[in-house]
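Reproduced below: data25.cif, with mmCIF, C-alpha atoms.
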```cif
data_run
#
loop_
_atom_site.label_atom_id
_atom_site.label_comp_id
_atom_site.auth_asym_id
_atom_site.auth_seq_id
_atom_site.Cartn_x
_atom_site.Cartn_y
_atom_site.Cartn_z
CA MET A 1 49.96 108.56 159.37
CA THR A 2 47.91 106.20 161.46
CA ALA A 3 47.80 106.94 165.17
CA ALA A 4 46.94 104.23 167.66
CA ASN A 5 43.34 104.78 168.82
CA PRO A 6 43.05 108.17 167.11
CA LEU A 7 40.83 110.86 168.51
CA LEU A 8 40.20 112.20 165.00
CA SER A 9 40.53 110.14 161.83
CA VAL A 10 40.13 111.72 158.39
CA ARG A 11 40.10 109.34 155.42
CA GLU A 12 40.06 110.07 151.69
CA LEU A 13 38.34 113.45 152.19
CA SER A 14 37.51 115.20 148.91
CA VAL A 15 35.89 118.63 148.68
CA ASN A 16 34.81 120.63 145.62
CA PHE A 17 33.62 124.21 145.33
CA ARG A 18 31.03 125.05 142.70
CA THR A 19 31.69 128.52 141.28
CA ARG A 20 30.58 130.53 138.28
CA SER A 21 33.87 129.77 136.57
CA GLY A 22 33.64 126.02 137.15
CA THR A 23 34.13 123.33 139.79
CA VAL A 24 37.22 123.82 141.94
CA HIS A 25 38.73 120.54 143.14
CA VAL A 26 39.97 121.89 146.47
CA LEU A 27 40.71 118.68 148.41
CA ASP A 28 41.52 115.31 146.92
CA ARG A 29 41.64 112.21 149.14
CA VAL A 30 43.07 113.92 152.24
CA SER A 31 43.88 111.51 155.09
CA PHE A 32 45.42 111.94 158.55
CA ASP A 33 44.93 111.00 162.21
CA VAL A 34 45.20 112.97 165.44
CA ALA A 35 45.84 111.19 168.75
CA PRO A 36 44.78 112.48 172.19
CA GLY A 37 47.45 114.82 173.55
CA GLU A 38 49.14 115.17 170.17
CA ILE A 39 49.80 118.44 168.35
CA LEU A 40 49.60 117.80 164.60
CA GLY A 41 50.78 120.52 162.25
CA ILE A 42 49.26 120.93 158.79
CA VAL A 43 51.60 123.04 156.67
CA GLY A 44 51.77 124.26 153.09
CA GLU A 45 51.70 127.44 151.05
CA SER A 46 48.57 129.56 150.70
CA GLY A 47 45.94 127.76 148.62
CA SER A 48 47.04 124.27 149.61
CA GLY A 49 43.72 123.46 151.31
CA LYS A 50 44.73 123.66 154.97
CA SER A 51 41.85 125.83 156.19
CA VAL A 52 39.31 124.05 153.98
CA THR A 53 40.35 120.81 155.66
CA ALA A 54 39.71 122.35 159.08
CA PHE A 55 36.35 123.79 158.04
CA ALA A 56 35.29 120.43 156.58
CA VAL A 57 36.10 118.68 159.86
CA MET A 58 34.17 121.30 161.84
CA GLY A 59 31.21 121.35 159.42
CA ILE A 60 31.48 125.06 158.64
CA LEU A 61 32.25 124.96 154.92
CA ASP A 62 30.89 127.62 152.60
CA GLN A 63 27.52 126.85 150.98
CA ALA A 64 29.29 126.50 147.63
CA ALA A 65 31.34 123.57 148.99
CA ARG A 66 30.42 119.93 148.54
CA ILE A 67 32.04 116.98 150.29
CA GLU A 68 32.38 114.55 147.39
CA GLY A 69 33.81 111.64 149.31
CA GLY A 70 35.65 110.40 152.35
CA GLU A 71 35.07 109.86 156.05
CA ILE A 72 35.61 111.81 159.27
CA HIS A 73 35.48 109.91 162.53
CA PHE A 74 35.77 111.30 166.06
CA GLU A 75 36.37 108.65 168.71
CA GLY A 76 34.96 106.16 166.23
CA ARG A 77 31.77 108.16 165.58
CA ASP A 78 30.87 109.13 162.03
CA VAL A 79 30.96 112.94 162.04
CA LEU A 80 29.62 113.31 158.49
CA GLY A 81 26.71 111.04 159.39
CA MET A 82 25.59 113.23 162.29
CA SER A 83 22.36 115.19 162.00
CA ALA A 84 22.63 118.98 161.81
CA ARG A 85 21.68 119.26 165.49
CA GLU A 86 24.13 116.55 166.57
CA ARG A 87 26.94 118.22 164.59
CA ASP A 88 26.05 121.60 166.08
CA MET A 89 26.26 120.25 169.63
CA TRP A 90 29.45 118.30 168.88
CA ARG A 91 31.03 121.50 167.60
CA GLY A 92 31.84 123.50 170.70
CA ARG A 93 31.23 120.77 173.25
CA GLU A 94 33.68 118.18 171.93
CA ALA A 95 35.54 119.94 169.12
CA SER A 96 36.43 123.62 168.82
CA ILE A 97 38.29 125.92 166.48
CA ILE A 98 40.39 129.06 166.95
CA PHE A 99 40.16 131.30 163.90
CA GLN A 100 43.07 133.11 162.33
CA ASN A 101 41.89 136.71 162.68
CA PRO A 102 41.02 137.33 166.33
CA ARG A 103 39.19 140.60 165.71
CA THR A 104 36.90 139.45 162.90
CA ALA A 105 36.15 136.19 164.73
CA LEU A 106 34.51 138.11 167.57
CA ASN A 107 31.21 139.99 167.52
CA PRO A 108 32.26 143.68 167.49
CA ILE A 109 29.15 144.91 169.32
CA ARG A 110 29.02 142.36 172.13
CA ALA A 111 31.18 142.33 175.28
CA VAL A 112 33.78 139.57 175.14
CA GLY A 113 32.68 138.06 178.45
CA GLN A 114 29.15 137.76 177.13
CA GLN A 115 30.44 136.00 174.01
CA ILE A 116 32.15 133.37 176.17
CA ALA A 117 28.94 133.11 178.22
CA ASP A 118 26.95 132.51 175.01
CA VAL A 119 29.07 129.42 174.28
CA LEU A 120 28.60 128.08 177.79
CA ALA A 121 24.85 128.77 177.79
CA ARG A 122 24.45 126.82 174.56
CA HIS A 123 26.63 123.80 175.33
CA ALA A 124 26.77 123.68 179.14
CA PRO A 125 23.66 125.50 180.45
CA ASP A 126 23.70 126.55 184.10
CA SER A 127 22.54 129.39 186.31
CA ALA A 128 23.58 132.94 185.38
CA ALA A 129 25.86 133.14 188.41
CA ALA A 130 27.53 129.83 187.61
CA ILE A 131 28.08 130.82 183.98
CA ARG A 132 29.59 134.13 185.01
CA ALA A 133 31.99 132.31 187.35
CA LYS A 134 32.95 129.95 184.53
CA VAL A 135 33.54 132.91 182.17
CA LEU A 136 35.94 134.53 184.61
CA GLU A 137 37.71 131.21 185.22
CA ALA A 138 38.05 130.65 181.45
CA MET A 139 39.60 134.10 181.10
CA ARG A 140 42.01 133.41 183.96
CA GLN A 141 43.09 130.13 182.37
CA VAL A 142 44.16 131.96 179.21
CA ARG A 143 45.96 134.51 181.39
CA ILE A 144 43.82 137.56 180.65
CA PRO A 145 44.69 140.13 183.32
CA ASP A 146 41.89 141.64 185.39
CA PRO A 147 39.17 139.35 183.92
CA GLU A 148 36.34 141.10 185.78
CA LYS A 149 37.14 144.31 183.91
CA ARG A 150 38.10 142.72 180.58
CA ALA A 151 34.89 140.68 180.46
CA LYS A 152 32.94 143.93 180.02
CA ALA A 153 35.19 145.17 177.19
CA PHE A 154 34.33 145.08 173.49
CA PRO A 155 36.80 143.62 170.97
CA PHE A 156 37.89 147.06 169.69
CA GLU A 157 38.97 147.94 173.21
CA LEU A 158 41.42 145.03 173.39
CA SER A 159 44.75 144.35 171.69
CA GLY A 160 45.02 141.65 169.04
CA GLY A 161 46.74 139.36 171.52
CA LEU A 162 43.98 139.76 174.09
CA CYS A 163 41.32 139.19 171.42
CA GLN A 164 43.05 135.95 170.49
CA ARG A 165 43.10 134.91 174.15
CA VAL A 166 39.36 135.54 174.28
CA GLY A 167 39.02 133.32 171.19
CA ILE A 168 40.98 130.58 172.92
CA ALA A 169 38.84 130.95 176.04
CA MET A 170 35.69 130.58 173.92
CA ALA A 171 37.11 127.51 172.16
CA LEU A 172 38.05 125.79 175.41
CA ALA A 173 35.15 126.94 177.62
CA CYS A 174 33.26 123.66 177.32
CA ALA A 175 36.37 121.46 177.71
CA PRO A 176 36.45 119.95 174.19
CA ARG A 177 38.81 117.08 173.40
CA LEU A 178 39.74 118.30 169.89
CA LEU A 179 41.13 121.77 169.18
CA ILE A 180 41.83 123.16 165.71
CA ALA A 181 43.95 126.32 165.58
CA ASP A 182 43.73 127.89 162.13
CA GLU A 183 46.70 130.25 161.70
CA PRO A 184 46.20 131.48 165.28
CA THR A 185 49.07 134.01 165.18
CA THR A 186 48.05 135.87 162.01
CA GLY A 187 48.40 139.64 162.43
CA LEU A 188 50.19 139.41 165.77
CA ASP A 189 53.68 140.70 166.47
CA VAL A 190 56.47 138.16 167.00
CA THR A 191 56.50 138.43 170.79
CA THR A 192 52.73 138.03 171.03
CA GLN A 193 52.87 135.09 168.60
CA ALA A 194 55.19 133.23 170.97
CA VAL A 195 52.95 133.99 173.97
CA ILE A 196 49.82 132.75 172.16
CA MET A 197 51.52 129.57 170.90
CA ASP A 198 52.97 128.81 174.35
CA LEU A 199 49.48 129.23 175.77
CA ILE A 200 47.90 126.88 173.22
CA ARG A 201 50.62 124.27 173.77
CA ASP A 202 50.42 124.47 177.56
CA LEU A 203 46.62 124.18 177.62
CA ALA A 204 46.67 121.34 175.09
CA ARG A 205 49.18 119.38 177.17
CA ALA A 206 47.38 120.07 180.44
CA ARG A 207 44.02 118.93 179.05
CA ASN A 208 45.34 116.09 176.84
CA LEU A 209 43.76 117.73 173.80
CA GLY A 210 44.16 116.40 170.32
CA THR A 211 45.30 119.59 168.56
CA VAL A 212 45.60 120.52 164.88
CA LEU A 213 47.79 123.54 164.17
CA ILE A 214 47.29 124.95 160.69
CA THR A 215 50.12 127.18 159.58
CA HIS A 216 52.31 128.17 156.64
CA ASP A 217 55.12 128.89 159.13
CA LEU A 218 57.40 125.86 159.21
CA ALA A 219 59.59 127.36 161.93
CA LEU A 220 56.53 127.72 164.15
CA ALA A 221 55.44 124.16 163.42
CA SER A 222 58.91 122.83 164.23
CA GLN A 223 58.72 124.38 167.70
CA TYR A 224 55.26 123.27 168.74
CA CYS A 225 54.18 120.16 166.81
CA ASP A 226 54.74 116.44 167.34
CA ARG A 227 53.98 115.48 163.73
CA ILE A 228 53.62 117.32 160.44
CA VAL A 229 51.29 116.81 157.48
CA VAL A 230 52.46 118.63 154.36
CA MET A 231 49.77 119.71 151.89
CA HIS A 232 50.11 120.94 148.32
CA ALA A 233 47.18 121.91 146.08
CA GLY A 234 44.65 119.86 148.03
CA HIS A 235 46.86 116.76 148.42
CA VAL A 236 48.66 115.40 151.44
CA VAL A 237 52.13 114.84 150.00
CA GLU A 238 54.04 113.83 153.12
CA ALA A 239 53.50 113.09 156.81
CA ALA A 240 56.08 112.33 159.48
CA PRO A 241 57.16 112.98 163.07
CA ILE A 242 58.69 116.43 163.40
CA ALA A 243 62.33 115.32 163.77
CA GLU A 244 62.10 112.89 160.87
CA LEU A 245 60.49 115.37 158.50
CA PHE A 246 63.02 118.15 159.07
CA VAL A 247 66.04 115.82 158.90
CA HIS A 248 64.89 113.47 156.13
CA PRO A 249 62.24 115.16 153.93
CA SER A 250 61.27 112.80 151.12
CA HIS A 251 58.86 114.71 148.88
CA PRO A 252 60.44 117.28 146.52
CA TYR A 253 57.84 119.83 147.58
CA THR A 254 58.69 119.40 151.27
CA THR A 255 62.36 119.92 150.49
CA ARG A 256 61.61 123.08 148.49
CA LEU A 257 59.34 124.32 151.27
CA LEU A 258 62.10 123.87 153.85
CA ARG A 259 64.64 125.65 151.64
CA SER A 260 62.33 128.64 151.26
CA VAL A 261 62.35 129.43 155.00
CA PRO A 262 65.29 131.52 156.33
CA SER A 263 65.36 129.82 159.72
CA MET A 264 65.54 126.38 158.08
CA VAL A 265 68.82 126.95 156.20
CA ASP A 266 72.37 127.37 157.52
CA ASP A 267 73.20 130.30 155.25
CA ILE A 268 71.07 132.90 153.51
CA SER A 269 72.66 131.88 150.19
CA GLN A 270 70.93 128.50 150.52
CA LEU A 271 67.46 130.06 150.34
CA GLN A 272 65.52 128.91 147.29
CA ALA A 273 62.17 130.03 145.97
CA ILE A 274 59.63 127.40 144.92
CA GLU A 275 59.38 127.89 141.19
CA GLY A 276 56.03 127.93 139.41
CA SER A 277 52.62 128.23 141.03
CA LEU A 278 49.80 126.04 142.20
CA PRO A 279 47.88 124.38 139.37
CA ASP A 280 44.46 125.71 138.39
CA LEU A 281 42.22 123.50 140.51
CA ARG A 282 39.32 124.00 138.09
CA ARG A 283 41.09 121.79 135.56
CA ASP A 284 39.60 118.40 134.79
CA ASP A 285 43.00 117.10 133.66
CA LEU A 286 44.88 117.60 136.92
CA PRO A 287 47.80 115.13 137.10
CA PRO A 288 47.85 112.43 139.80
CA CYS A 289 50.63 114.44 141.48
CA ARG A 290 49.61 118.09 141.53
CA PHE A 291 53.24 119.12 142.10
CA ALA A 292 54.46 117.30 138.98
CA GLU A 293 54.40 120.39 136.75
CA ARG A 294 56.68 122.24 139.21
CA CYS A 295 58.99 119.31 139.98
CA ASP A 296 62.54 118.75 138.72
CA ARG A 297 62.33 115.05 139.64
CA ARG A 298 59.34 114.28 137.42
CA LEU A 299 59.34 110.89 135.70
CA ALA A 300 57.01 109.35 133.16
CA ALA A 301 55.68 107.18 136.01
CA CYS A 302 54.50 110.33 137.78
CA ASP A 303 51.68 110.65 135.24
CA ALA A 304 50.24 107.22 136.04
CA ALA A 305 47.04 107.07 138.07
CA GLY A 306 46.84 105.61 141.55
CA LEU A 307 49.31 107.77 143.43
CA MET A 308 49.05 107.01 147.16
CA LEU A 309 50.88 107.75 150.38
CA GLU A 310 53.49 105.03 150.86
CA PRO A 311 55.69 104.34 153.88
CA VAL A 312 59.35 105.34 153.61
CA GLY A 313 60.18 104.90 157.30
CA PRO A 314 58.58 104.41 160.71
CA SER A 315 55.48 106.65 160.81
CA HIS A 316 56.78 108.43 157.69
CA THR A 317 54.70 108.38 154.49
CA VAL A 318 55.10 110.17 151.17
CA ALA A 319 53.03 110.45 147.98
CA CYS A 320 55.80 110.48 145.37
CA ARG A 321 57.04 108.05 142.72
CA ASN A 322 60.56 109.47 142.81
CA PRO A 323 61.14 110.47 146.46
CA LEU A 324 64.42 111.84 147.73
#
```

Write out the structure in this file as C-alpha cells.
Amino acid sequence: MTAANPLLSVRELSVNFRTRSGTVHVLDRVSFDVAPGEILGIVGESGSGKSVTAFAVMGILDQAARIEGGEIHFEGRDVLGMSARERDMWRGREASIIFQNPRTALNPIRAVGQQIADVLARHAPDSAAAIRAKVLEAMRQVRIPDPEKRAKAFPFELSGGLCQRVGIAMALACAPRLLIADEPTTGLDVTTQAVIMDLIRDLARARNLGTVLITHDLALASQYCDRIVVMHAGHVVEAAPIAELFVHPSHPYTTRLLRSVPSMVDDISQLQAIEGSLPDLRRDDLPPCRFAERCDRRLAACDAAGLMLEPVGPSHTVACRNPL
C-alpha cells in the first residue's frame, strides 16, 4: 500500500457522522497512498465509504461529519493541519475533484464557460482576456467541440457527457497534481462512459497526475487503474496492483465482489450474489472485521481486536485472519 514518495498519503483516517439516530462510524482507520502519475481505484459496494473518503481528503465533508483520527499528507504537507484559507486554496489549485452527477455539480443558471472562468479567477487570477483564452483552451483539452459556442451554453443545454467534460475542464483548469474522480460515469450511457474514462486517463497520463478513481464498477477499474483499494463498510480490506488483485484476490469479500460481476466470470452460471448486507454502522459493538458476519471463512480469531492490513505478496496487503 505504500508508494515510494507518494503524492497523497492517507493514514488511519477515521470519520464519524453524528445523526439523530446515533453516531455512524463511517470510516475506520483507512490508509492508502497515491503516487504521481498513478491511477488508484477505490472500489466497493454502495455504503462502503468510498465517497466519504474522497470528501474527507478534499475537506468538503458534511457538517455532521467529524474526523476522529488519522492523517492526510500531500507532498509531505499536513492537509488536516491547514487553515481554512490554506485548504480552500489547495483545493482547486493543487487538488481537484470530479463529481459523480455532472448536471447537479454545475450551477444551472450560469453559463458553463463562466463557471470555468470562476475557478481560474479564484486560483489563478489574470486579465479578463487571458482568463477567457484559458477557458477556451481548457474546453479544447477535454475535446468539447466548438468551445466558443459551448462556453455560452447553460448546463441544461448540454448532454450529460458534455456536462461531465465541463466538470473535468473545471477540475483541471488550474493544473492540479491530484485528481479525484468520484463515480465520474454515473448516469452516462456505455459509449459515453468509455469516452469520459479515456479522456480522464489520457489527461492524467499527459500531466503526470496522481488520480483516484472511485467506482463500484470493477470492470471499469480493471481497464483504467494501476492499483486497487477494496473497501467494505468503512474498512480497507485489501490493496494490490491490478493484475495481482484480479488473479489472486485474498480477502473473502474481494472474491465475492469479483464473482458478482458478469464480466469477471467465465460463465454466467458462476455469478454469485454477496449474501447479507452491510452492518449497521451505528453499532458500538462492530466486530474488528466488519465483513465477519457475512463471511463463510469466519474463525474465532476473527473476533480478536487488532486487525490490520498485512502483506501477502509484493505490494499486496489484506486485512483478514483467514485469507484465501

Of A:Val261, A:Ala54, A:Leu106, A:Val142, the one sitting nearest Ser222 of chain A when using only C-alpha atoms is A:Val261

Run the PyMOL selection byres ((chain A and resi 315) around 7) on the file and write out the hits as a PyMOL selection string. chain A and resi 1+240-241+313-314+316-317

Only C-alpha atoms, please: the residues just picked out, written as an mmCIF file, in the coordinates of the input.
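Contents of the output file again.cif:
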```
data_model
loop_
_atom_site.group_PDB
_atom_site.id
_atom_site.type_symbol
_atom_site.label_atom_id
_atom_site.label_comp_id
_atom_site.auth_asym_id
_atom_site.auth_seq_id
_atom_site.Cartn_x
_atom_site.Cartn_y
_atom_site.Cartn_z
ATOM 1 C CA MET A 1 49.960 108.560 159.370
ATOM 2 C CA ALA A 240 56.080 112.330 159.480
ATOM 3 C CA PRO A 241 57.160 112.980 163.070
ATOM 4 C CA GLY A 313 60.180 104.900 157.300
ATOM 5 C CA PRO A 314 58.580 104.410 160.710
ATOM 6 C CA HIS A 316 56.780 108.430 157.690
ATOM 7 C CA THR A 317 54.700 108.380 154.490
#
```

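Between atom CA of Val43 of chain A and atom CA of Ala292 of chain A lies a distance of 18.8 Å.
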
Just checking: using all atoms listed in the file, which residue out of A:Glu183, A:Asp33, A:Glu38, A:Asp266 ends up closest to Gly76 of chain A? A:Asp33

Distance criterion (all atoms listed in the file): nearest to Arg201 of chain A out of A:Ile168, A:Ile39, A:Ala130, A:Ala219: A:Ile39

Could you name the residues that touch Ala56 of chain A at 10 Å or less, counting only C-alpha atoms, but leaving out those on the same chain fewer than 2 positions away, as a PyMOL selection string? chain A and resi 13-15+27+51-54+58-62+65-67+72+80

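For the pair atom CA of Thr254 of chain A and atom CA of Met231 of chain A, the separation is 8.9 Å.
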
Since I can't run it myself right now, could you work out what the PyMOL selection byres ((chain A and resi 206) around 12) selects here and report it as a list of chain:residue names?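 Given this file, the PyMOL selection byres ((chain A and resi 206) around 12) evaluates to A:Pro36, A:Gly37, A:Glu38, A:Gln141, A:Ala175, A:Arg177, A:Leu199, A:Ile200, A:Arg201, A:Asp202, A:Leu203, A:Ala204, A:Arg205, A:Arg207, A:Asn208, A:Leu209, A:Gly210.
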
Could you write those residues out with C-alpha atoms, as a tab-separated table (two decimals), keeping the file's coordinate frame?
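The new file out_23.tsv reads:
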```tsv
chain	number	residue	atom	x	y	z
A	36	PRO	CA	44.78	112.48	172.19
A	37	GLY	CA	47.45	114.82	173.55
A	38	GLU	CA	49.14	115.17	170.17
A	141	GLN	CA	43.09	130.13	182.37
A	175	ALA	CA	36.37	121.46	177.71
A	177	ARG	CA	38.81	117.08	173.40
A	199	LEU	CA	49.48	129.23	175.77
A	200	ILE	CA	47.90	126.88	173.22
A	201	ARG	CA	50.62	124.27	173.77
A	202	ASP	CA	50.42	124.47	177.56
A	203	LEU	CA	46.62	124.18	177.62
A	204	ALA	CA	46.67	121.34	175.09
A	205	ARG	CA	49.18	119.38	177.17
A	207	ARG	CA	44.02	118.93	179.05
A	208	ASN	CA	45.34	116.09	176.84
A	209	LEU	CA	43.76	117.73	173.80
A	210	GLY	CA	44.16	116.40	170.32
```

Quick one: segment 238-262 of chain A with N, CA, C and O atoms, as a PDB file, keeping the file's coordinate frame?
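rebuild.pdb, written as the output of this step:
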```
ATOM      1  N   GLU A 238      53.101 114.472 152.205  1.00  0.00           N
ATOM      2  CA  GLU A 238      54.040 113.830 153.120  1.00  0.00           C
ATOM      3  C   GLU A 238      53.531 113.993 154.550  1.00  0.00           C
ATOM      4  O   GLU A 238      52.887 114.991 154.883  1.00  0.00           O
ATOM      5  N   ALA A 239      53.847 113.019 155.394  1.00  0.00           N
ATOM      6  CA  ALA A 239      53.500 113.090 156.810  1.00  0.00           C
ATOM      7  C   ALA A 239      54.548 112.332 157.599  1.00  0.00           C
ATOM      8  O   ALA A 239      54.942 111.224 157.217  1.00  0.00           O
ATOM      9  N   ALA A 240      55.016 112.952 158.692  1.00  0.00           N
ATOM     10  CA  ALA A 240      56.080 112.330 159.480  1.00  0.00           C
ATOM     11  C   ALA A 240      56.196 113.001 160.833  1.00  0.00           C
ATOM     12  O   ALA A 240      55.751 114.138 161.007  1.00  0.00           O
ATOM     13  N   PRO A 241      56.824 112.317 161.805  1.00  0.00           N
ATOM     14  CA  PRO A 241      57.160 112.980 163.070  1.00  0.00           C
ATOM     15  C   PRO A 241      58.066 114.178 162.790  1.00  0.00           C
ATOM     16  O   PRO A 241      58.818 114.183 161.803  1.00  0.00           O
ATOM     17  N   ILE A 242      58.019 115.162 163.650  1.00  0.00           N
ATOM     18  CA  ILE A 242      58.690 116.430 163.400  1.00  0.00           C
ATOM     19  C   ILE A 242      60.184 116.256 163.129  1.00  0.00           C
ATOM     20  O   ILE A 242      60.730 116.817 162.172  1.00  0.00           O
ATOM     21  N   ALA A 243      60.890 115.474 163.948  1.00  0.00           N
ATOM     22  CA  ALA A 243      62.330 115.320 163.770  1.00  0.00           C
ATOM     23  C   ALA A 243      62.654 114.622 162.460  1.00  0.00           C
ATOM     24  O   ALA A 243      63.595 115.004 161.749  1.00  0.00           O
ATOM     25  N   GLU A 244      61.883 113.621 162.106  1.00  0.00           N
ATOM     26  CA  GLU A 244      62.100 112.890 160.870  1.00  0.00           C
ATOM     27  C   GLU A 244      61.889 113.762 159.645  1.00  0.00           C
ATOM     28  O   GLU A 244      62.675 113.742 158.694  1.00  0.00           O
ATOM     29  N   LEU A 245      60.824 114.555 159.667  1.00  0.00           N
ATOM     30  CA  LEU A 245      60.490 115.370 158.500  1.00  0.00           C
ATOM     31  C   LEU A 245      61.568 116.419 158.227  1.00  0.00           C
ATOM     32  O   LEU A 245      61.958 116.632 157.082  1.00  0.00           O
ATOM     33  N   PHE A 246      62.055 117.063 159.276  1.00  0.00           N
ATOM     34  CA  PHE A 246      63.020 118.150 159.070  1.00  0.00           C
ATOM     35  C   PHE A 246      64.427 117.636 158.792  1.00  0.00           C
ATOM     36  O   PHE A 246      65.230 118.356 158.202  1.00  0.00           O
ATOM     37  N   VAL A 247      64.714 116.395 159.175  1.00  0.00           N
ATOM     38  CA  VAL A 247      66.040 115.820 158.900  1.00  0.00           C
ATOM     39  C   VAL A 247      66.050 115.036 157.599  1.00  0.00           C
ATOM     40  O   VAL A 247      67.017 115.083 156.835  1.00  0.00           O
ATOM     41  N   HIS A 248      64.943 114.324 157.323  1.00  0.00           N
ATOM     42  CA  HIS A 248      64.890 113.470 156.130  1.00  0.00           C
ATOM     43  C   HIS A 248      63.612 113.733 155.324  1.00  0.00           C
ATOM     44  O   HIS A 248      62.771 112.835 155.178  1.00  0.00           O
ATOM     45  N   PRO A 249      63.419 114.931 154.784  1.00  0.00           N
ATOM     46  CA  PRO A 249      62.240 115.160 153.930  1.00  0.00           C
ATOM     47  C   PRO A 249      62.352 114.315 152.671  1.00  0.00           C
ATOM     48  O   PRO A 249      63.428 114.196 152.080  1.00  0.00           O
ATOM     49  N   SER A 250      61.237 113.717 152.262  1.00  0.00           N
ATOM     50  CA  SER A 250      61.270 112.800 151.120  1.00  0.00           C
ATOM     51  C   SER A 250      60.590 113.353 149.875  1.00  0.00           C
ATOM     52  O   SER A 250      60.969 113.005 148.756  1.00  0.00           O
ATOM     53  N   HIS A 251      59.560 114.176 150.049  1.00  0.00           N
ATOM     54  CA  HIS A 251      58.860 114.710 148.880  1.00  0.00           C
ATOM     55  C   HIS A 251      59.594 115.954 148.358  1.00  0.00           C
ATOM     56  O   HIS A 251      60.025 116.798 149.162  1.00  0.00           O
ATOM     57  N   PRO A 252      59.763 116.088 147.055  1.00  0.00           N
ATOM     58  CA  PRO A 252      60.440 117.280 146.520  1.00  0.00           C
ATOM     59  C   PRO A 252      59.810 118.591 146.975  1.00  0.00           C
ATOM     60  O   PRO A 252      60.520 119.580 147.190  1.00  0.00           O
ATOM     61  N   TYR A 253      58.500 118.604 147.133  1.00  0.00           N
ATOM     62  CA  TYR A 253      57.840 119.830 147.580  1.00  0.00           C
ATOM     63  C   TYR A 253      58.232 120.170 149.016  1.00  0.00           C
ATOM     64  O   TYR A 253      58.491 121.340 149.337  1.00  0.00           O
ATOM     65  N   THR A 254      58.277 119.162 149.892  1.00  0.00           N
ATOM     66  CA  THR A 254      58.690 119.400 151.270  1.00  0.00           C
ATOM     67  C   THR A 254      60.085 119.987 151.323  1.00  0.00           C
ATOM     68  O   THR A 254      60.357 120.943 152.062  1.00  0.00           O
ATOM     69  N   THR A 255      60.984 119.432 150.528  1.00  0.00           N
ATOM     70  CA  THR A 255      62.360 119.920 150.490  1.00  0.00           C
ATOM     71  C   THR A 255      62.414 121.372 150.030  1.00  0.00           C
ATOM     72  O   THR A 255      63.102 122.210 150.621  1.00  0.00           O
ATOM     73  N   ARG A 256      61.660 121.695 148.985  1.00  0.00           N
ATOM     74  CA  ARG A 256      61.610 123.080 148.490  1.00  0.00           C
ATOM     75  C   ARG A 256      61.018 124.007 149.551  1.00  0.00           C
ATOM     76  O   ARG A 256      61.475 125.133 149.723  1.00  0.00           O
ATOM     77  N   LEU A 257      59.996 123.514 150.235  1.00  0.00           N
ATOM     78  CA  LEU A 257      59.340 124.320 151.270  1.00  0.00           C
ATOM     79  C   LEU A 257      60.333 124.652 152.381  1.00  0.00           C
ATOM     80  O   LEU A 257      60.406 125.789 152.853  1.00  0.00           O
ATOM     81  N   LEU A 258      61.118 123.654 152.790  1.00  0.00           N
ATOM     82  CA  LEU A 258      62.100 123.870 153.850  1.00  0.00           C
ATOM     83  C   LEU A 258      63.183 124.852 153.410  1.00  0.00           C
ATOM     84  O   LEU A 258      63.651 125.682 154.195  1.00  0.00           O
ATOM     85  N   ARG A 259      63.577 124.773 152.151  1.00  0.00           N
ATOM     86  CA  ARG A 259      64.640 125.650 151.640  1.00  0.00           C
ATOM     87  C   ARG A 259      64.164 127.075 151.403  1.00  0.00           C
ATOM     88  O   ARG A 259      64.978 127.951 151.148  1.00  0.00           O
ATOM     89  N   SER A 260      62.865 127.294 151.487  1.00  0.00           N
ATOM     90  CA  SER A 260      62.330 128.640 151.260  1.00  0.00           C
ATOM     91  C   SER A 260      62.172 129.427 152.556  1.00  0.00           C
ATOM     92  O   SER A 260      61.746 130.582 152.532  1.00  0.00           O
ATOM     93  N   VAL A 261      62.514 128.803 153.690  1.00  0.00           N
ATOM     94  CA  VAL A 261      62.350 129.430 155.000  1.00  0.00           C
ATOM     95  C   VAL A 261      63.714 129.806 155.559  1.00  0.00           C
ATOM     96  O   VAL A 261      64.569 128.933 155.739  1.00  0.00           O
ATOM     97  N   PRO A 262      63.966 131.091 155.842  1.00  0.00           N
ATOM     98  CA  PRO A 262      65.290 131.520 156.330  1.00  0.00           C
ATOM     99  C   PRO A 262      65.793 130.761 157.536  1.00  0.00           C
ATOM    100  O   PRO A 262      66.968 130.410 157.614  1.00  0.00           O
TER     101      PRO A 262
END
```
